[in-house]
Amino acid sequence: MTDLHSPQRSSTPGAPPRSATDLFGDPTDANPPQWLNPPLFLSEDFDAETYISDLRTFVPLDTLRSELRSHLSSLQRDLVDLINRDYADFVSLSTKLTDVDAAVVRMRAPLLEIRHKISTFREAVESSLSALHSRLKQRADAGEAREVLELLLDTFHVVSKVEKLIKELPSGATNLANGIANYADNGYLSNGVSFQHTEKGSNLRETQSMHLERIASEMNRLKFYIAHAQNMPFIENMEKRIQNASSLLDSSLGHTLVDGLEHRDAHAVYNCLRAYAAIDNTRNAEDIFRSTVVAPLIQKVIPQSLGVSGASGDELEQDYKKIKQYIVADCKFLLDISSTENSGLHVSSFLANSILKEIHSTIQKGKPGVFSPGRPTEFLKNYKASLDFLAYLEGYCPSRSEVLKFRSEVAYTDFMKQWNVGVYFSLRFQEIAGALDSALVVASLVQTSSEEQKPQDLILKQSATLLKCLHSCWSDDVLVLSCSDKFLRLSLQLLSRYSSWLSAGLAARKAGNSSPSPGCEWAISSASDDFVFIIHDLNCLAEEVCGAYLAHVLELLKSCSTEVLDFVKQSILQGAKSLKDLLPLVISAIVETIVERAVDDIRQLKGITATYRMTNKPLPVRHSPYVSGVLRPLKTFLDGERATTYLTKELRFELLQGAAFKITDRYYELAADLVNVARKTESSLQKIRLGAQRRAGASSDVSDHNISDTDKICMQLFLDIQEYARNLSSLGIDAATIPSYRSLWQCVAPTERQNIISL
């Protein structure tokens with residue numbers, strides 16, 4: 001066998017030695033690596049395990065597997081090549097076989113004989129197998145019958161044992177003194193314990209409860225047997241005995257539990273509760289605790305004889321405080337027992353089915369008005385007091401799973417269903433939204449009381465009502481956290497309603513509608529100074545909503561996830577943005593009002609035509625009187641008390657610039673029309689004059705060196721716009737920066753008229 005651990009030397013003399021890469025590196029496609037040594041596979045003593053164990057010391061198994069697969073593929077290709085090369089010989093291989101038919105005849109008889117023997121043996125085996133299956137089925141049926149019989153015997157024995165144990169109970173379970181006397185006659189209890197050790201009633205209660213727990217465990221076993229032996233005549237015949245035993249056990253357990261609760265016997269109560277849990281009848285224990293302990297306590301707090309209470313009698317906060325005291329004094333005893341670890345008493349729910357259920361029932365009978373959302377303030381107060389009380393009850397749950405179990409109880413869900421927070425929200429919605437609507441339908445802007453009013457306070461009653469309604473949505477005496485999504489939507493609706501009211505009024509004012517739709521009358525009747533209040537209120541509202549209001553909402557919802565808080569924040573910021581988006585519209589309304597007043601003065605320039613048309617007046621040397629009044633409305637507005645008090649310098653400059661540009665635009669339009677009409681009239685008169693001269697035979701080449709009426713009109717306009725530019729400059733606006741002013745200059749002061757100006 002070739003040594004695999006040392007590389008072979010090349011047989012060629014003088015050839016360089018092979019490197020490690022040649023021996024253990026990646027092979028080429030033509031030749032496998034030297035360490036693979038394919039001829040070794042043909043040797044008779046080849047052992048695969050030895051081969052692999054020798055190679056794995058210096059060749060990874062993945063590499064070996066890959067090379068073996070490559071070698072297999074190479075062999076398969078070689079085989080296919082050989083078949084294709086000698087395909088004719090491969091096909092004619094069967095024709096070269098001689099005496100095949102004779103060989104077949106010789107083998108047929110032995111094969112038929114073997115086939116017959118196999119068939120006979122197979123039939124014998126199948127017969128034996130069928131018999132075996134039949135016997136196994138009989139055995140299984142017998143086993144089932146035996147199990148049923150054993151089950152019935154066990155059931156009978158358990159029923160008899162339960163009846164015997166029940167007979168050993170005292171004849172009057174409600175009177176332990178009689179039980180003590182009965183046991184005293186014998187000196188020993190049923191379990192063989194000397195009566196000397198049970199002289200006290202507590203010992204007897206504990207012993208009897210332990211006895212009942214034993215009976216309960218047997219009853220549990222009996223229920224198991226009955227569940228596996230249903231619809232059997234034997235069980236049906238024993239049904240009456242089983243029912244009697246179950247009834248006696250329930251009665252005895254009830255008496256013992258009541259007595260244990262009255263005497264605060266922890267051992268007796270614990271054993272009774274375990275007995276109830278064993279027979280899966282914890283509901284009876286819960287009902288007994290409810291009727292024996294809880295009901296009398298709740299009756300002291302909320303008597304059912306009150307009937308229909310007044311508003312002051314329907315408050316639950318003080319009642320819950322008293323109930324908490326009673327729970328600590330009289331109920332905590334049982335709650336601590338039921339929450340004992342590894343006791344198996346977790347199946348019961350005294351908090352829900354005893355305490356909460358009784359409180360719910362008593363409130364329905366004694367104070368039915370507390371569940372009515374018709375008085376939202378009282379309803380919310382009682383609802384929050386109830387949630388606080390439920391949180392108090394959850395404090396008695398030993399684990400988180402117990403809290404979830406408590407919340408899933410039917411008594412808990414029924415109690416929560418009584419609080420119709422959906423109707424409560426509807427009433428609050430009508431109250432809050434109605435207050436804002438009532439403020440917005442007023443036909444004019446109403447100012448709030450000016451007493452002790454600060455500059456940062458809201459001025460308009462409509463704005464103040466909006467802010468009040470927004471704060472109401474998240475105030476402690478209105479908000480229900482379970483409806484926080486609805487109150488968030490209401491807040492956004494309030495912002496949208498205010499924005500719609502404002503935008504609709506501005507649109508009606510811009511359209512100049514003399515009979516606007518209801519809710520828009522204020523915009524028609526308001527002066528430009530009134531819109532200063534709107535700008536101030538919009539800025540204050542936006543600042544408040546984005547600042548303290550948003551922080552307050554996020555603080556209330558801090559228990560929500562980050563995604564929810566981000567959504568709430570973006571929603572409120574979007575509502576604030578809708579308020580800020582109204583500022584340009586309000587500013588535009590103020591500008592339009594100022595422009596209209598200024599245009600009333602600008603229209604007086606039409607009188608310039610009448611002044612100089614065919615009047616032979618000299619060339620004007622000073623501006624027209626109307627120019628002084630063009631910018632007076634703008635200056636009066638900016639210097640007014642409201643603008644200086646409630647508008648920032650930036651806003652005042654924005655108003656000044658907007659109004660100056662628009663007034664100049666209108667000035668240019670009117671002046672351009674006037675100049676165009678004057679030039680057309682001048683041209684017509686010139687044609688008429690030339691025609692008259694031709695008819696009179698005068699020379700038409702004589703130039704008229706007199707200044708025309710159009711030149712006088714343009715000169716007057718030129719002087720006017722110069723004064724207008726000085727007035728703009730006094731307000732802080734450079735007229736040269738206004739495009740329409742430059743157009744106006746070019747209109748009234750063309751190049752050919754500069755000579756006249758110099759004269």
# chains A, B, ... in the order shown; residues from 1 in each chain; ligands from 1
>>> residues_around(residues="Leu541 in chain A", least_positions_apart="6", cutoff="10 Å", atoms="only C-alpha atoms", output="compact mmCIF listing (two decimals) with N, CA, C and O atoms, in the first residue's frame")
# COMPACT_ATOMS: atom_id res chain seq x y z
N ASP A 457 -52.58 87.64 26.08
CA ASP A 457 -53.89 87.01 26.22
C ASP A 457 -54.67 87.12 24.92
O ASP A 457 -54.45 88.03 24.11
N LEU A 458 -55.60 86.18 24.75
CA LEU A 458 -56.48 86.22 23.58
C LEU A 458 -57.46 87.37 23.72
O LEU A 458 -57.96 87.67 24.81
N SER A 463 -61.82 83.16 19.83
CA SER A 463 -60.53 82.49 20.05
C SER A 463 -60.42 81.97 21.47
O SER A 463 -59.92 80.86 21.70
N ALA A 464 -60.86 82.77 22.43
CA ALA A 464 -60.81 82.33 23.83
C ALA A 464 -61.69 81.09 24.04
O ALA A 464 -61.32 80.19 24.80
N LEU A 466 -62.35 78.82 21.77
CA LEU A 466 -61.62 77.69 21.17
C LEU A 466 -60.59 77.15 22.15
O LEU A 466 -60.51 75.92 22.37
N LEU A 467 -59.78 78.02 22.74
CA LEU A 467 -58.75 77.56 23.66
C LEU A 467 -59.36 76.91 24.89
O LEU A 467 -58.86 75.89 25.38
N LEU A 495 -60.01 72.60 16.19
CA LEU A 495 -59.07 73.42 15.44
C LEU A 495 -59.51 73.57 13.99
O LEU A 495 -59.44 74.66 13.41
N ILE A 535 -55.06 88.29 13.89
CA ILE A 535 -53.65 87.94 13.73
C ILE A 535 -53.01 87.65 15.08
O ILE A 535 -52.29 86.66 15.26
N GLY A 547 -46.99 74.52 22.31
CA GLY A 547 -46.19 74.56 23.52
C GLY A 547 -46.82 73.85 24.69
O GLY A 547 -46.78 72.62 24.80
N TYR A 549 -49.92 73.32 25.61
CA TYR A 549 -51.04 72.40 25.35
C TYR A 549 -50.52 71.04 24.90
O TYR A 549 -50.96 69.99 25.40
N ALA A 576 -52.00 72.99 14.63
CA ALA A 576 -51.43 74.33 14.85
C ALA A 576 -50.97 74.94 13.54
O ALA A 576 -51.10 76.16 13.33
N LEU A 579 -53.62 76.76 11.71
CA LEU A 579 -53.86 78.13 12.20
C LEU A 579 -52.84 79.10 11.61
O LEU A 579 -53.20 80.21 11.19
N LYS A 580 -51.58 78.69 11.58
CA LYS A 580 -50.56 79.57 11.02
C LYS A 580 -50.78 79.83 9.54
O LYS A 580 -50.44 80.91 9.04
>>> closest_atom_pairs(of="range 406-444 of chain A", to="range 349-369 of chain A", cutoff="7 Å", atoms="only C-alpha atoms", output="Markdown table")
| residue | atom | partner | partner_atom | distance |
| --- | --- | --- | --- | --- |
| A:Phe406 | CA | A:Ala352 | CA | 6.4 |
| A:Glu409 | CA | A:Ala352 | CA | 6.6 |
| A:Ala411 | CA | A:Lys357 | CA | 5.6 |
| A:Tyr412 | CA | A:Ala352 | CA | 6.2 |
| A:Phe415 | CA | A:His360 | CA | 6.3 |
>>> residues_around(residues="range 253-261 of chain A", least_positions_apart="5", cutoff="10 Å", atoms="only C-alpha atoms", output="ChimeraX atom specification")
/A:172-176,202,205-206,208-209,212-213,216,247-248,266-273,275-276,284-285,287-289,291-293,330-331,333-334
>>> residues_around(residues="range 518-525 of chain A", least_positions_apart="5", cutoff="6 Å", atoms="only C-alpha atoms", output="mmCIF file with N, CA and C atoms, in the first residue's frame")
data_model
loop_
_atom_site.group_PDB
_atom_site.id
_atom_site.type_symbol
_atom_site.label_atom_id
_atom_site.label_comp_id
_atom_site.auth_asym_id
_atom_site.auth_seq_id
_atom_site.Cartn_x
_atom_site.Cartn_y
_atom_site.Cartn_z
ATOM 1 N N VAL A 441 -71.076 81.491 15.627
ATOM 2 C CA VAL A 441 -72.228 81.913 14.811
ATOM 3 C C VAL A 441 -72.605 83.367 15.064
ATOM 4 N N ALA A 443 -72.644 87.267 14.703
ATOM 5 C CA ALA A 443 -72.514 88.025 13.460
ATOM 6 C C ALA A 443 -71.367 89.020 13.475
ATOM 7 N N SER A 444 -70.662 89.130 14.582
ATOM 8 C CA SER A 444 -69.556 90.087 14.653
ATOM 9 C C SER A 444 -68.483 89.537 15.580
ATOM 10 N N LEU A 445 -67.298 90.125 15.461
ATOM 11 C CA LEU A 445 -66.215 89.740 16.353
ATOM 12 C C LEU A 445 -66.440 90.353 17.724
ATOM 13 N N GLY A 505 -65.089 83.086 6.330
ATOM 14 C CA GLY A 505 -65.369 84.517 6.450
ATOM 15 C C GLY A 505 -64.454 85.358 5.572
ATOM 16 N N ARG A 509 -65.540 87.799 2.475
ATOM 17 C CA ARG A 509 -65.138 89.215 2.421
ATOM 18 C C ARG A 509 -64.427 89.518 1.110
#
>>> closest_residue(among="A:Asp485, A:Asp336, A:Glu317, A:Asp437", to="Ala385 in chain A", atoms="only C-alpha atoms")
A:Glu317
>>> residues_around(residues="Glu682 in chain A", least_positions_apart="3", cutoff="9 Å", atoms="only C-alpha atoms", output="PyMOL selection string")
chain A and resi 677-679+685-687+708-710
>>> atom_distance(atom1="CA of Val301 in chain A", atom2="CA of Asn382 in chain A")
15.5 Å
>>> residues_around(residues="Ala610 in chain A", least_positions_apart="3", cutoff="12 Å", atoms="only C-alpha atoms", output="JSON, numbers by chain")
{"A": [604, 605, 606, 607, 613, 614, 615, 616, 617, 674, 678, 709, 710, 712, 713]}
>>> write_last_selection(atoms="N, CA and C atoms", output="PDB file, in the first residue's frame")
ATOM      1  N   GLN A 604     -59.186 110.151  -7.930  1.00  0.00           N
ATOM      2  CA  GLN A 604     -59.322 111.592  -8.160  1.00  0.00           C
ATOM      3  C   GLN A 604     -58.407 112.087  -9.272  1.00  0.00           C
ATOM      4  N   LEU A 605     -57.446 111.266  -9.683  1.00  0.00           N
ATOM      5  CA  LEU A 605     -56.571 111.701 -10.776  1.00  0.00           C
ATOM      6  C   LEU A 605     -57.336 111.851 -12.099  1.00  0.00           C
ATOM      7  N   LYS A 606     -58.541 111.310 -12.167  1.00  0.00           N
ATOM      8  CA  LYS A 606     -59.344 111.515 -13.370  1.00  0.00           C
ATOM      9  C   LYS A 606     -59.676 112.992 -13.581  1.00  0.00           C
ATOM     10  N   GLY A 607     -59.670 113.736 -12.483  1.00  0.00           N
ATOM     11  CA  GLY A 607     -59.935 115.171 -12.614  1.00  0.00           C
ATOM     12  C   GLY A 607     -58.819 115.916 -13.311  1.00  0.00           C
ATOM     13  N   ARG A 613     -57.617 119.690 -20.195  1.00  0.00           N
ATOM     14  CA  ARG A 613     -58.114 119.472 -21.546  1.00  0.00           C
ATOM     15  C   ARG A 613     -58.797 120.749 -22.058  1.00  0.00           C
ATOM     16  N   MET A 614     -58.158 121.394 -23.029  1.00  0.00           N
ATOM     17  CA  MET A 614     -58.721 122.559 -23.724  1.00  0.00           C
ATOM     18  C   MET A 614     -59.033 123.703 -22.766  1.00  0.00           C
ATOM     19  N   THR A 615     -58.133 123.885 -21.771  1.00  0.00           N
ATOM     20  CA  THR A 615     -58.331 124.987 -20.816  1.00  0.00           C
ATOM     21  C   THR A 615     -57.210 126.017 -20.892  1.00  0.00           C
ATOM     22  N   ASN A 616     -56.167 125.749 -21.678  1.00  0.00           N
ATOM     23  CA  ASN A 616     -55.024 126.650 -21.830  1.00  0.00           C
ATOM     24  C   ASN A 616     -54.352 126.994 -20.502  1.00  0.00           C
ATOM     25  N   LYS A 617     -54.468 126.067 -19.556  1.00  0.00           N
ATOM     26  CA  LYS A 617     -53.775 126.295 -18.284  1.00  0.00           C
ATOM     27  C   LYS A 617     -52.292 126.069 -18.477  1.00  0.00           C
ATOM     28  N   LEU A 674     -55.437 106.520 -17.869  1.00  0.00           N
ATOM     29  CA  LEU A 674     -55.632 107.952 -18.089  1.00  0.00           C
ATOM     30  C   LEU A 674     -54.710 108.460 -19.200  1.00  0.00           C
ATOM     31  N   ALA A 678     -55.763 109.934 -22.862  1.00  0.00           N
ATOM     32  CA  ALA A 678     -55.347 111.290 -23.239  1.00  0.00           C
ATOM     33  C   ALA A 678     -54.596 111.284 -24.566  1.00  0.00           C
ATOM     34  N   ASP A 709     -52.015 119.305 -24.342  1.00  0.00           N
ATOM     35  CA  ASP A 709     -52.735 118.955 -23.108  1.00  0.00           C
ATOM     36  C   ASP A 709     -52.235 117.628 -22.528  1.00  0.00           C
ATOM     37  N   THR A 710     -51.912 116.683 -23.402  1.00  0.00           N
ATOM     38  CA  THR A 710     -51.388 115.386 -22.920  1.00  0.00           C
ATOM     39  C   THR A 710     -50.086 115.574 -22.180  1.00  0.00           C
ATOM     40  N   LYS A 712     -49.223 118.210 -20.543  1.00  0.00           N
ATOM     41  CA  LYS A 712     -49.552 118.791 -19.234  1.00  0.00           C
ATOM     42  C   LYS A 712     -50.072 117.718 -18.275  1.00  0.00           C
ATOM     43  N   ILE A 713     -50.914 116.825 -18.804  1.00  0.00           N
ATOM     44  CA  ILE A 713     -51.461 115.748 -17.952  1.00  0.00           C
ATOM     45  C   ILE A 713     -50.333 114.845 -17.453  1.00  0.00           C
TER      46      ILE A 713
END
>>> select_by_dssp(residues="range 481-578 of chain A", states="alpha helix (DSSP H)", output="JSON, numbers by chain")
{"A": [484, 485, 486, 487, 488, 489, 490, 491, 492, 493, 494, 495, 496, 497, 498, 499, 500, 501, 502, 503, 504, 505, 506, 507, 508, 509, 510, 511, 521, 522, 523, 524, 525, 530, 531, 532, 533, 534, 535, 536, 537, 538, 539, 540, 541, 542, 543, 544, 550, 551, 552, 553, 554, 555, 556, 562, 563, 564, 565, 566, 567, 568, 569, 570, 571, 572, 573, 574, 575, 576, 577, 578]}
>>> atom_distance(atom1="CA of Leu75 in chain A", atom2="CA of Leu36 in chain A")
14.2 Å
>>> residues_around(residues="range 717-734 of chain A", least_positions_apart="3", cutoff="7 Å", atoms="only C-alpha atoms", output="PyMOL selection string")
chain A and resi 622-624+627+713-714+737+748-749
